[in-house]
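Here's the structure we're looking at; comments come further down.
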Amino acid sequence: MSLVARVLEEQGVPTVVLSNARDITAQALTPRALFTNYPLGNPVGRPQDLADQRAGLIAALGLLESATEAGTIVDSGRVWSASRDWMRLIFSQEQPFLSDAAEAQRLGETGQR
Amino acid sequence: MAEHVKYIDKTRAYYRSAGYTQDYGWANNETCALTPLSKPLSQCRIGLVSTASLVRLDASGQALDTSRLMGSSKLEVYSLASNWPNARLRSTSEDHDRFQTDMSDVGAYFPKDEFQSLASDGVIGSFADECWRILPNYSKRKVCNVDAPEVLRRVRAAHVDAVVLTPV
């Protein structure tokens, strides 16, 4: 998504990316991004929590007006849960990222290994 | 800087341990453009672009679209009417933390309905009549040279003033 945002900005379209992956967003040099430290899959906000989702969108839209420097990443400061275990467990052997079925399907589609 | 997961390091270690011999080369850029907003948000037409994996369902709950996890070398930009009901969308994502979230609430990652509310409330001028999706793709060249130019063409055709992007 950062790559698409970069192409749009080069062609004169302002963008803002809502990201759950700060390092990937930063390394790609994304024009404007709002980072929320939630598990992957929740870039806008917490599921079943409209107020939190709206807060994410309002903050991201605000960046469209306020950011003056390319590569701006603002941390939204919202917290997923009291426990930070999810941050440790993602991409671990305990919690494999892809299910076996998904791994097989992805291999079939990309032919990579 | 807030605490955050080091996904680049974690994915490298994870896939090496799974037997992959070549690390994925995440995008790494040193310069980028920034286009200022040309008018107040309350007058802007906003568009939504996402890598969310979604299929549309018919009235009986049968999928109308083919599910794919990864993009190919073909042009893969999909438009979705903004008024398509969320109840007739199903996530086929495999790119979320499945131990923390199940993607059943489209609003958490594909917020087209909330954008329509923001338009009704006057926060933004309007929301585009369609949203756009691309597939996750390992090829940065394909994303930049094939999909992104088509996204640009569609957002321009929709007279969008600014684009919000939600990676999944």
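We label chains A, B, ... in the order they appear in the structure tokens, count residues from 1 in each chain, and number ligands from 1 in the order shown.
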Query raised in the report: A:Met1: which residues within 12 Å, counting only C-alpha atoms, same-chain residues fewer than 3 positions away excluded, as a ChimeraX atom specification?
Result: /A:4-8,15-21,24-25,28-33,43 /B:27,48-52,132-137,140,143-144,147-148,151,163-168
Query raised in the report: Where in stretch 57-110 of chain A does DSSP assign helix (DSSP H, G or I), given as a ChimeraX atom specification?
Result: /A:57-66,85-89,100-110
Write out, as a compact mmCIF listing (two decimals), in the first residue's frame, the residues just selected, with N, CA and C atoms.
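The new file again.txt reads:
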# COMPACT_ATOMS: atom_id res chain seq x y z
N LEU A 57 -9.95 7.06 11.71
CA LEU A 57 -10.16 7.78 10.45
C LEU A 57 -9.99 9.29 10.63
N ILE A 58 -10.51 9.82 11.73
CA ILE A 58 -10.38 11.27 11.97
C ILE A 58 -8.91 11.65 12.09
N ALA A 59 -8.14 10.83 12.80
CA ALA A 59 -6.72 11.12 12.97
C ALA A 59 -5.99 11.04 11.63
N ALA A 60 -6.33 10.04 10.82
CA ALA A 60 -5.68 9.90 9.51
C ALA A 60 -6.05 11.07 8.60
N LEU A 61 -7.31 11.44 8.59
CA LEU A 61 -7.73 12.57 7.76
C LEU A 61 -7.05 13.86 8.22
N GLY A 62 -6.88 14.00 9.52
CA GLY A 62 -6.19 15.18 10.04
C GLY A 62 -4.77 15.29 9.51
N LEU A 63 -4.14 14.14 9.33
CA LEU A 63 -2.77 14.13 8.79
C LEU A 63 -2.73 14.68 7.36
N LEU A 64 -3.81 14.45 6.60
CA LEU A 64 -3.84 14.99 5.24
C LEU A 64 -3.68 16.51 5.28
N GLU A 65 -4.22 17.14 6.33
CA GLU A 65 -4.13 18.60 6.43
C GLU A 65 -2.85 19.05 7.11
N SER A 66 -2.38 18.26 8.09
CA SER A 66 -1.32 18.78 8.97
C SER A 66 0.10 18.39 8.53
N ASP A 85 1.41 -9.69 24.95
CA ASP A 85 1.84 -11.01 24.47
C ASP A 85 1.68 -11.17 22.96
N TRP A 86 0.63 -10.57 22.41
CA TRP A 86 0.41 -10.72 20.96
C TRP A 86 1.62 -10.21 20.17
N MET A 87 2.30 -9.21 20.70
CA MET A 87 3.45 -8.66 19.97
C MET A 87 4.60 -9.66 19.92
N ARG A 88 4.71 -10.44 20.96
CA ARG A 88 5.78 -11.44 21.03
C ARG A 88 5.42 -12.68 20.21
N LEU A 89 4.13 -13.03 20.20
CA LEU A 89 3.71 -14.33 19.66
C LEU A 89 3.54 -14.33 18.14
N ASP A 100 -1.92 -24.02 7.66
CA ASP A 100 -1.32 -24.96 6.69
C ASP A 100 -2.01 -24.85 5.33
N ALA A 101 -3.33 -24.71 5.35
CA ALA A 101 -4.08 -24.63 4.08
C ALA A 101 -3.70 -23.36 3.32
N ALA A 102 -3.57 -22.27 4.05
CA ALA A 102 -3.22 -21.01 3.39
C ALA A 102 -1.80 -21.05 2.85
N GLU A 103 -0.93 -21.68 3.60
CA GLU A 103 0.47 -21.80 3.15
C GLU A 103 0.51 -22.58 1.83
N ALA A 104 -0.26 -23.66 1.76
CA ALA A 104 -0.28 -24.48 0.55
C ALA A 104 -0.86 -23.69 -0.62
N GLN A 105 -1.94 -22.95 -0.35
CA GLN A 105 -2.58 -22.17 -1.42
C GLN A 105 -1.63 -21.09 -1.92
N ARG A 106 -0.94 -20.42 -1.00
CA ARG A 106 -0.04 -19.35 -1.41
C ARG A 106 1.13 -19.91 -2.22
N LEU A 107 1.64 -21.04 -1.79
CA LEU A 107 2.72 -21.66 -2.57
C LEU A 107 2.25 -21.99 -3.97
N GLY A 108 1.01 -22.49 -4.06
CA GLY A 108 0.47 -22.83 -5.37
C GLY A 108 0.32 -21.61 -6.26
N GLU A 109 -0.02 -20.47 -5.66
CA GLU A 109 -0.25 -19.26 -6.45
C GLU A 109 1.04 -18.58 -6.85
N THR A 110 2.06 -18.70 -6.02
CA THR A 110 3.28 -17.95 -6.30
C THR A 110 4.42 -18.82 -6.79
Where does chain B meet chain A within 7 Å, residue by residue, with the nearest atom pair and distance in Å to one decimal for each, counting only C-alpha atoms, listed by chain and rising number, as a tab-separated table?
residue	atom	partner	partner_atom	distance
B:Ala2	CA	A:Asp75	CA	6.6
B:His4	CA	A:Asn37	CA	6.2
B:Val5	CA	A:Met87	CA	5.8
B:Lys6	CA	A:Asp23	CA	6.2
B:Tyr7	CA	A:Asp23	CA	6.8
B:Ile8	CA	A:Ile24	CA	6.6
B:Lys10	CA	A:Phe91	CA	6.3
B:Thr11	CA	A:Phe91	CA	6.5
B:Tyr14	CA	A:Phe91	CA	5.9
B:Tyr20	CA	A:Arg113	CA	5.4
B:Ala27	CA	A:Ala28	CA	4.8
B:Asn28	CA	A:Ala28	CA	4.6
B:Asn29	CA	A:Ala28	CA	5.2
B:Glu30	CA	A:Leu29	CA	6.6
B:Cys32	CA	A:Ala70	CA	6.2
B:Ala33	CA	A:Glu10	CA	5.4
B:Leu34	CA	A:Ala70	CA	5.2
B:Thr35	CA	A:Pro14	CA	5.0
B:Pro36	CA	A:Pro14	CA	6.1
B:Leu37	CA	A:Pro14	CA	6.1
B:Leu69	CA	A:Arg106	CA	6.4
B:Met70	CA	A:Arg106	CA	6.7
B:Glu94	CA	A:Leu98	CA	6.5
B:His96	CA	A:Gly41	CA	4.4
B:Asp97	CA	A:Leu40	CA	5.2
B:Gln100	CA	A:Pro39	CA	6.7
B:Met103	CA	A:Gly41	CA	6.9
B:Asp105	CA	A:Pro47	CA	5.5
B:Ala108	CA	A:Gly45	CA	5.0
B:Tyr109	CA	A:Val44	CA	5.3
B:Glu114	CA	A:Arg54	CA	6.9
B:Cys144	CA	A:Leu3	CA	6.3
B:Ala148	CA	A:Val4	CA	5.1
B:Leu152	CA	A:Leu8	CA	6.1
B:Asp161	CA	A:Val13	CA	6.7
B:Ala162	CA	A:Pro14	CA	4.8
B:Val163	CA	A:Thr15	CA	4.7
B:Val164	CA	A:Val16	CA	5.1
B:Leu165	CA	A:Val17	CA	4.6
B:Thr166	CA	A:Leu18	CA	5.3
B:Pro167	CA	A:Met1	CA	5.6
B:Val168	CA	A:Gly41	CA	5.3
Query raised in the report: What is the atom CA of B:Ser91 to atom CA of B:Glu76 distance in Å?
Result: 17.3 Å
**Report entry** Which residue of B:Leu64, B:Val155, B:Ala13, B:Ala59 approaches B:Pro85 most closely, using only C-alpha atoms
**Finding:** B:Ala59
Requested in this report: Give the strand (DSSP E) residues of chain B, as DSSP finds them on the backbone, and put them as a list in words.
Outcome: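 So the strand (DSSP E) residues in chain B would be Arg45, Ile46, Gly47, Leu48, Val49, Ser50, Leu54, Val55, Arg56, Val77, Tyr78, Ser79, Leu80, Ala81, Leu89, Arg90, Ser91, Ser126, Phe127, Glu130, Cys131, Trp132, Arg133, Ile134, Ala162, Val163, Val164, Leu165 and Thr166 of chain B.
Atom CA of B:Gly122 is positioned 8.5 Å from atom CA of B:Gln43.
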Query raised in the report: Interatomic distance between atom CA of B:Asp102 and atom CA of B:Arg12?
Result: 24.4 Å
Query - Spatial neighbours of B:Ala157, 12 Å, only C-alpha atoms, chain gap at least 5 places, as a list in words - result: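 My list of contacting residues is Gly47, Ala128, Asp129, Glu130, Glu150, Val151 and Leu152 of chain B.
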Grab the residues selected above and save them as a PDB file, in the first residue's frame with N, CA and C atoms.
ATOM      1  N   GLY B  47     -11.338   8.961  -1.420  1.00  0.00           N
ATOM      2  CA  GLY B  47     -11.415   7.601  -1.960  1.00  0.00           C
ATOM      3  C   GLY B  47     -10.697   6.633  -1.028  1.00  0.00           C
ATOM      4  N   ALA B 128     -16.181   8.720  -2.456  1.00  0.00           N
ATOM      5  CA  ALA B 128     -16.324   8.233  -3.837  1.00  0.00           C
ATOM      6  C   ALA B 128     -17.383   7.128  -3.924  1.00  0.00           C
ATOM      7  N   ASP B 129     -17.999   7.016  -5.087  1.00  0.00           N
ATOM      8  CA  ASP B 129     -19.066   6.028  -5.279  1.00  0.00           C
ATOM      9  C   ASP B 129     -18.532   4.606  -5.336  1.00  0.00           C
ATOM     10  N   GLU B 130     -17.230   4.484  -5.576  1.00  0.00           N
ATOM     11  CA  GLU B 130     -16.642   3.146  -5.542  1.00  0.00           C
ATOM     12  C   GLU B 130     -15.328   3.170  -4.766  1.00  0.00           C
ATOM     13  N   GLU B 150      -3.128   1.978 -12.570  1.00  0.00           N
ATOM     14  CA  GLU B 150      -4.558   1.762 -12.793  1.00  0.00           C
ATOM     15  C   GLU B 150      -5.380   2.337 -11.623  1.00  0.00           C
ATOM     16  N   VAL B 151      -4.862   2.208 -10.390  1.00  0.00           N
ATOM     17  CA  VAL B 151      -5.532   2.852  -9.252  1.00  0.00           C
ATOM     18  C   VAL B 151      -5.595   4.363  -9.496  1.00  0.00           C
ATOM     19  N   LEU B 152      -4.480   4.927  -9.953  1.00  0.00           N
ATOM     20  CA  LEU B 152      -4.437   6.369 -10.240  1.00  0.00           C
ATOM     21  C   LEU B 152      -5.496   6.745 -11.277  1.00  0.00           C
TER      22      LEU B 152
END
